>>> print(open('work_30.txt').read())   # compact mmCIF, C-alpha atoms and all ligand atoms
# COMPACT_ATOMS: atom_id res chain seq x y z
CA MET A 1 85.16 267.71 170.47
CA VAL A 2 84.10 265.58 173.39
CA ALA A 3 80.51 264.44 173.19
CA THR A 4 77.88 264.97 175.87
CA ILE A 5 76.81 261.57 177.18
CA ILE A 6 73.05 261.09 176.97
CA ASP A 7 72.33 259.21 180.19
CA GLY A 8 69.51 256.81 179.33
CA LYS A 9 69.67 255.19 182.72
CA ALA A 10 68.97 258.47 184.52
CA PHE A 11 66.33 259.40 181.96
CA ALA A 12 64.59 256.04 182.44
CA ALA A 13 64.66 256.39 186.24
CA GLU A 14 63.00 259.80 185.93
CA LEU A 15 60.32 258.41 183.60
CA ARG A 16 59.66 255.47 185.95
CA ASP A 17 59.23 257.91 188.88
CA LYS A 18 56.68 259.87 186.87
CA ILE A 19 54.85 256.64 185.97
CA ALA A 20 54.87 255.40 189.60
CA MET A 21 53.30 258.68 190.71
CA GLN A 22 50.54 258.41 188.09
CA VAL A 23 49.91 254.74 188.94
CA ALA A 24 49.48 255.65 192.62
CA ARG A 25 46.99 258.36 191.62
CA LEU A 26 45.06 255.99 189.36
CA LYS A 27 44.77 253.48 192.19
CA ALA A 28 43.75 256.06 194.80
CA GLU A 29 41.32 258.06 192.67
CA GLN A 30 39.89 255.44 190.31
CA GLY A 31 40.60 252.10 192.02
CA ILE A 32 42.38 250.94 188.85
CA THR A 33 45.70 249.05 188.85
CA PRO A 34 47.38 248.88 185.43
CA GLY A 35 48.19 245.27 184.55
CA LEU A 36 50.88 244.05 182.15
CA ALA A 37 50.98 240.46 180.89
CA VAL A 38 54.19 239.06 179.41
CA VAL A 39 54.09 235.79 177.50
CA LEU A 40 57.32 233.83 177.06
CA VAL A 41 57.39 230.70 174.93
CA GLY A 42 60.43 228.44 175.36
CA GLU A 43 63.64 229.09 177.24
CA ASP A 44 65.78 231.54 175.25
CA PRO A 45 68.27 232.81 177.88
CA ALA A 46 68.34 236.42 176.61
CA SER A 47 64.52 236.52 176.64
CA GLU A 48 64.51 235.12 180.20
CA VAL A 49 66.69 238.04 181.32
CA TYR A 50 64.42 240.60 179.60
CA VAL A 51 61.25 239.07 181.02
CA ARG A 52 62.59 238.97 184.59
CA SER A 53 63.67 242.58 184.35
CA LYS A 54 60.31 243.65 182.90
CA GLY A 55 58.41 241.85 185.70
CA LYS A 56 60.54 243.45 188.40
CA GLN A 57 60.18 247.00 187.05
CA THR A 58 56.44 246.57 186.47
CA VAL A 59 55.95 245.77 190.16
CA GLU A 60 58.31 248.58 191.23
CA VAL A 61 56.08 251.23 189.61
CA GLY A 62 53.02 249.74 191.32
CA MET A 63 51.52 247.88 188.37
CA ALA A 64 50.31 244.28 188.40
CA SER A 65 52.63 241.91 186.55
CA PHE A 66 51.38 238.67 185.00
CA GLU A 67 53.80 236.18 183.50
CA TYR A 68 52.87 233.27 181.28
CA ARG A 69 55.69 230.81 180.64
CA LEU A 70 54.81 228.27 177.99
CA ALA A 71 56.79 225.24 176.85
CA ALA A 72 58.86 225.56 173.66
CA GLU A 73 56.62 222.98 171.96
CA THR A 74 53.39 224.94 172.66
CA SER A 75 51.14 224.80 169.59
CA GLU A 76 49.94 227.86 167.71
CA ALA A 77 46.34 227.13 168.77
CA GLU A 78 47.37 226.98 172.44
CA LEU A 79 49.28 230.26 172.21
CA LEU A 80 46.41 231.99 170.39
CA ALA A 81 44.04 230.75 173.11
CA VAL A 82 46.27 232.38 175.77
CA VAL A 83 46.25 235.67 173.80
CA ASP A 84 42.44 235.48 173.49
CA ARG A 85 42.11 235.00 177.23
CA LEU A 86 44.36 237.99 177.96
CA ASN A 87 42.46 240.12 175.43
CA ALA A 88 39.23 239.38 177.31
CA ASP A 89 40.64 239.93 180.82
CA PRO A 90 39.71 243.42 182.15
CA GLU A 91 42.56 243.36 184.69
CA ILE A 92 45.11 243.23 181.88
CA HIS A 93 45.74 246.48 180.02
CA GLY A 94 48.95 245.55 178.21
CA ILE A 95 50.05 242.33 176.51
CA LEU A 96 53.57 241.57 175.32
CA VAL A 97 54.49 238.33 173.58
CA GLN A 98 58.26 238.05 173.85
CA LEU A 99 60.02 237.66 170.51
CA PRO A 100 61.58 235.69 168.94
CA LEU A 101 59.04 232.87 169.11
CA PRO A 102 60.12 229.29 168.42
CA ALA A 103 60.35 228.66 164.64
CA HIS A 104 57.12 226.62 164.36
CA LEU A 105 55.03 229.61 165.51
CA ASP A 106 53.97 232.39 163.12
CA SER A 107 54.84 235.57 165.02
CA ASP A 108 52.84 237.84 162.67
CA LEU A 109 49.73 235.76 163.27
CA VAL A 110 50.25 235.79 167.05
CA ILE A 111 51.05 239.52 167.31
CA ASN A 112 48.05 240.43 165.15
CA ARG A 113 45.79 238.42 167.46
CA ILE A 114 46.56 240.84 170.34
CA ASP A 115 43.86 243.47 170.91
CA PRO A 116 45.50 246.58 169.34
CA ALA A 117 44.43 248.62 172.40
CA LYS A 118 46.51 246.26 174.61
CA ASP A 119 49.44 245.99 172.16
CA VAL A 120 52.01 247.79 174.32
CA ASP A 121 54.80 246.77 171.90
CA GLY A 122 53.07 248.68 169.10
CA PHE A 123 53.71 245.73 166.74
CA HIS A 124 50.09 245.04 165.70
CA ILE A 125 49.48 245.90 162.06
CA SER A 126 46.80 248.38 163.09
CA ASN A 127 49.21 250.31 165.35
CA VAL A 128 51.84 250.23 162.59
CA GLY A 129 49.27 251.79 160.23
CA LEU A 130 48.17 254.39 162.77
CA LEU A 131 51.78 255.46 163.42
CA GLY A 132 52.54 255.59 159.69
CA THR A 133 49.57 257.90 159.08
CA GLY A 134 50.28 260.16 162.07
CA GLN A 135 47.30 258.94 164.12
CA LYS A 136 47.13 258.05 167.80
CA ALA A 137 48.87 254.68 168.11
CA MET A 138 50.67 252.48 170.58
CA VAL A 139 54.29 253.31 169.68
CA PRO A 140 57.08 250.67 169.78
CA CYS A 141 59.09 251.08 172.98
CA THR A 142 62.68 251.31 171.74
CA PRO A 143 62.10 254.04 169.12
CA LEU A 144 59.79 255.86 171.54
CA GLY A 145 62.61 255.95 174.10
CA CYS A 146 65.05 257.21 171.47
CA LEU A 147 62.66 260.00 170.43
CA MET A 148 62.13 261.08 174.03
CA MET A 149 65.89 261.40 174.56
CA LEU A 150 66.35 263.25 171.25
CA ARG A 151 63.59 265.72 172.09
CA ALA A 152 65.03 266.29 175.55
CA HIS A 153 68.47 266.96 174.11
CA HIS A 154 67.53 269.06 171.08
CA GLY A 155 64.15 270.58 171.80
CA SER A 156 62.85 270.80 168.24
CA LEU A 157 64.11 268.25 165.69
CA SER A 158 62.50 270.14 162.79
CA GLY A 159 64.57 270.21 159.60
CA LEU A 160 67.41 268.06 160.92
CA HIS A 161 68.74 265.27 158.73
CA ALA A 162 68.22 261.96 160.55
CA VAL A 163 69.86 258.81 159.23
CA VAL A 164 68.49 255.54 160.62
CA VAL A 165 70.79 252.60 159.95
CA GLY A 166 68.61 249.49 160.13
CA ARG A 167 65.20 248.65 158.70
CA SER A 168 63.65 246.29 161.22
CA ASN A 169 59.94 246.42 162.04
CA ILE A 170 60.81 246.75 165.74
CA VAL A 171 63.24 249.68 165.54
CA GLY A 172 64.35 251.03 162.15
CA LYS A 173 61.00 251.55 160.42
CA PRO A 174 59.04 252.98 163.41
CA MET A 175 62.06 255.16 164.33
CA ALA A 176 62.00 256.66 160.84
CA GLN A 177 58.24 257.30 161.13
CA LEU A 178 58.64 259.05 164.47
CA LEU A 179 61.48 261.25 163.19
CA LEU A 180 59.42 262.13 160.13
CA GLY A 181 56.55 263.01 162.48
CA ASP A 182 58.93 265.45 164.19
CA SER A 183 59.73 267.04 160.79
CA CYS A 184 63.19 265.56 160.29
CA THR A 185 64.45 264.80 156.81
CA VAL A 186 64.83 261.03 157.14
CA THR A 187 67.10 258.58 155.36
CA ILE A 188 66.71 254.88 156.09
CA ALA A 189 69.97 253.05 155.38
CA HIS A 190 70.90 249.40 155.94
CA SER A 191 73.60 246.81 155.40
CA ARG A 192 73.17 246.90 151.59
CA THR A 193 73.25 250.70 151.30
CA ARG A 194 75.94 252.04 148.98
CA ASN A 195 78.20 254.78 150.35
CA LEU A 196 76.94 254.05 153.86
CA ALA A 197 79.79 255.92 155.57
CA GLU A 198 79.18 259.01 153.45
CA ILE A 199 75.44 258.97 154.15
CA CYS A 200 76.07 258.58 157.89
CA ARG A 201 78.48 261.53 157.75
CA SER A 202 75.67 263.72 156.43
CA ALA A 203 73.47 263.02 159.49
CA ASP A 204 72.66 265.56 162.18
CA ILE A 205 71.03 262.65 164.03
CA LEU A 206 72.47 259.17 163.50
CA VAL A 207 70.50 256.20 164.85
CA ALA A 208 72.37 252.90 164.70
CA ALA A 209 70.15 249.80 164.79
CA VAL A 210 71.85 247.22 162.60
CA GLY A 211 73.02 244.64 165.13
CA ARG A 212 76.67 244.71 164.04
CA PRO A 213 79.12 245.31 166.88
CA GLU A 214 80.96 248.64 166.63
CA MET A 215 80.30 248.98 162.89
CA ILE A 216 79.95 252.77 162.99
CA THR A 217 83.23 254.49 163.73
CA GLY A 218 84.13 258.13 164.39
CA ASP A 219 85.01 258.82 160.75
CA TRP A 220 81.34 258.05 159.86
CA VAL A 221 80.09 260.77 162.22
CA LYS A 222 79.59 264.43 161.32
CA PRO A 223 81.28 266.69 163.88
CA GLY A 224 78.70 267.74 166.48
CA ALA A 225 76.07 265.16 165.42
CA THR A 226 73.86 263.30 167.90
CA VAL A 227 74.46 259.55 167.88
CA ILE A 228 71.83 257.13 169.26
CA ASP A 229 73.16 253.60 169.60
CA VAL A 230 70.40 250.98 169.72
CA GLY A 231 72.75 248.00 169.38
CA ILE A 232 73.29 245.54 172.22
CA ASN A 233 75.93 243.03 171.14
CA ARG A 234 77.80 240.62 173.37
CA VAL A 235 81.38 240.21 172.17
CA ALA A 236 84.32 238.15 173.41
CA ASP A 237 86.88 240.03 175.52
CA GLY A 238 89.69 237.69 176.51
CA ASP A 239 88.04 234.88 178.42
CA LYS A 240 85.06 237.09 179.30
CA THR A 241 82.37 238.86 177.26
CA ARG A 242 81.25 242.47 177.25
CA LEU A 243 78.36 244.45 175.80
CA VAL A 244 79.03 246.84 172.93
CA GLY A 245 76.73 248.83 170.69
CA ASP A 246 76.62 249.18 166.92
CA VAL A 247 78.82 252.27 167.36
CA ALA A 248 82.49 252.24 168.29
CA PHE A 249 81.92 254.43 171.33
CA ASP A 250 85.35 256.04 171.95
CA SER A 251 86.02 257.00 168.35
CA ALA A 252 82.46 258.29 167.79
CA ALA A 253 82.43 260.21 171.09
CA ALA A 254 85.54 262.09 169.98
CA VAL A 255 83.58 263.57 167.03
CA ALA A 256 79.90 263.61 168.03
CA GLY A 257 78.13 266.39 169.92
CA ALA A 258 76.12 263.90 171.99
CA ILE A 259 76.00 260.12 172.20
CA THR A 260 74.21 257.33 174.08
CA PRO A 261 76.46 254.76 175.78
CA VAL A 262 76.01 250.97 175.75
CA PRO A 263 75.05 249.83 178.31
CA GLY A 264 73.12 252.64 180.00
CA GLY A 265 71.71 254.43 176.95
CA VAL A 266 68.77 253.20 174.90
CA GLY A 267 68.36 249.86 176.76
CA PRO A 268 66.95 251.20 180.05
CA MET A 269 64.56 253.48 178.16
CA THR A 270 62.95 250.53 176.34
CA ILE A 271 61.48 248.98 179.50
CA ALA A 272 60.55 252.40 180.93
CA CYS A 273 58.62 253.07 177.70
CA LEU A 274 56.91 249.68 177.98
CA LEU A 275 55.61 250.81 181.38
CA ALA A 276 54.64 254.18 179.88
CA ASN A 277 52.69 252.38 177.14
CA THR A 278 50.94 250.20 179.72
CA LEU A 279 49.85 253.30 181.62
CA THR A 280 48.72 254.95 178.37
CA ALA A 281 46.72 251.81 177.44
CA THR A 282 45.11 251.78 180.90
CA CYS A 283 44.04 255.43 180.62
CA ARG A 284 42.65 254.91 177.10
CA ALA A 285 40.76 251.74 178.14
CA ASN A 286 39.06 253.71 180.92
CA ALA A 287 38.50 256.92 178.91
CA LEU A 288 40.71 258.84 181.37
CA PRO A 289 43.00 261.74 180.41
CA GLU A 290 46.51 260.60 179.51
CA PRO A 291 49.30 262.07 181.67
CA ALA A 292 51.71 264.27 179.66
CA GLY A 293 55.08 262.93 178.56
CA LEU A 294 54.21 259.22 178.26
CA THR A 295 53.99 259.05 174.51
CA VAL A 296 54.37 261.18 171.37
N1 LIG B 1 62.45 240.80 172.04
C1 LIG B 1 63.46 241.70 172.12
N2 LIG B 1 62.97 242.94 172.29
C2 LIG B 1 61.62 242.82 172.32
C3 LIG B 1 60.57 243.76 172.48
O1 LIG B 1 60.77 244.97 172.61
N3 LIG B 1 59.31 243.24 172.46
C4 LIG B 1 59.07 241.91 172.30
N4 LIG B 1 57.80 241.51 172.29
N5 LIG B 1 60.03 241.02 172.14
C5 LIG B 1 61.29 241.48 172.15
>>> encode(input="work_30.txt", output="structure tokens")
Amino acid sequence: MVATIIDGKAFAAELRDKIAMQVARLKAEQGITPGLAVVLVGEDPASEVYVRSKGKQTVEVGMASFEYRLAAETSEAELLAVVDRLNADPEIHGILVQLPLPAHLDSDLVINRIDPAKDVDGFHISNVGLLGTGQKAMVPCTPLGCLMMLRAHHGSLSGLHAVVVGRSNIVGKPMAQLLLGDSCTVTIAHSRTRNLAEICRSADILVAAVGRPEMITGDWVKPGATVIDVGINRVADGDKTRLVGDVAFDSAAAVAGAITPVPGGVGPMTIACLLANTLTATCRANALPEPAGLTV
């Protein structure tokens, strides 16, 4: 079997087009420009790349982008004061504090200071609770992007066995909640799981989010299964480096029915979903109808 490639890059471009159209309408009809604020503390190079890319795409869909770059030694009180100011600013509809924060800052405290209505990452404890109880929430971007691609590929996910490998608050746990919400039978596995290969082989949908380069190989994949690879790992390749996922792509693609590549799969959908969440937050803040297809 040769797997269908799920083209996240194309999917993300289509979603961004839809968002850009809705943003133009919002501006023309309501005089409202959605605004997204990104806060970066310190100079982590990977975070710099993400933040630049987020800023560029925010502007490309017609939204206002605000960036706050704070020194690595910023105190907790100073960072909380920035969050408070953004919470109170009516021109800002979405707030994202880039993680990881420097070690002296308590990320739970900072994230939970964000107004839940502006929490476009969906990390605030109140959004986590709303998602877990099936209520209207801001949904974390990476799992939201994965669910959108799964729905587009499968139609209904009802009754399928989904195995999520990884239990992070950012991906694994919300992914499992979303799949459960779509009536999958969900198993959450992780690095300590016994018989991990066997459990993966029982999955109709296999989501890999463990952060271990190419850990999941073709012999862990049920023939015809859909494989979603959330991993982005930089590995040495001679005197260069290259990006690989948590799935060994070639061997898995020989067995799977469909698979997301790395790069060009889940990654592009994450930022597109951040923009979707910002638009959703803007509509909710102004009691306007939410355009279809932006969230679950
Ligand atoms: N760092 C890496 N990915 C993310 C993300 O999706 N949101 C935030 N806030 N920080 C991150």
>>> residues_near_ligand(input="work_30.txt", ligand="ligand LIG 1 (chain B)", cutoff="12 Å", atoms="all atoms listed in the file", output="PyMOL selection string")
chain A and resi 37-41+44-51+54+94-101+107-108+110-111+114+119-124+139-145+168-171+230-232+266-275+277
>>> atom_distance(input="work_30.txt", atom1="CA of Gly257 (chain A)", atom2="CA of Thr226 (chain A)")
5.6 Å
>>> atom_distance(input="work_30.txt", atom1="CA of His161 (chain A)", atom2="CA of Ala203 (chain A)")
5.3 Å
>>> closest_residue(input="work_30.txt", among="A:Ile228, A:Val164, A:Val207, A:Val59", to="Gly264 (chain A)", atoms="all atoms listed in the file")
A:Ile228
>>> atom_distance(input="work_30.txt", atom1="CA of Ile205 (chain A)", atom2="CA of Glu14 (chain A)")
23.5 Å
>>> closest_residue(input="work_30.txt", among="A:Leu279, A:Leu160, A:Met215, A:Ala248", to="Thr260 (chain A)", atoms="only C-alpha atoms")
A:Ala248
>>> closest_residue(input="work_30.txt", among="A:Leu288, A:Val244, A:Ala3, A:Met63", to="Val221 (chain A)", atoms="only C-alpha atoms")
A:Ala3
>>> closest_residue(input="work_30.txt", among="A:Leu206, A:His154, A:Val82, A:Ala276", to="Arg16 (chain A)", atoms="all atoms listed in the file")
A:Ala276
>>> closest_residue(input="work_30.txt", among="A:Gly293, A:Ala256, A:Ile92, A:Pro263", to="Arg242 (chain A)", atoms="all atoms listed in the file")
A:Pro263
>>> closest_residue(input="work_30.txt", among="A:Gly35, A:Pro116, A:Pro291, A:Gly129", to="Thr278 (chain A)", atoms="all atoms listed in the file")
A:Gly35
>>> axis_aligned_box(input="work_30.txt", around="region 114-124 of chain A", padding_each_side="4 Å", output="AutoDock Vina command-line options")
--center_x 49.3 --center_y 244.8 --center_z 170.2 --size_x 18.9 --size_y 15.8 --size_z 16.9
>>> residues_around(input="work_30.txt", residues="region 134-137 of chain A", least_positions_apart="3", cutoff="8 Å", atoms="only C-alpha atoms", output="PyMOL selection string")
chain A and resi 122+127-128+130-131+181
>>> residues_near_point(input="work_30.txt", point="(80.5, 266.7, 162.0)", cutoff="8 Å", atoms="only C-alpha atoms", output="count of residues only")
10
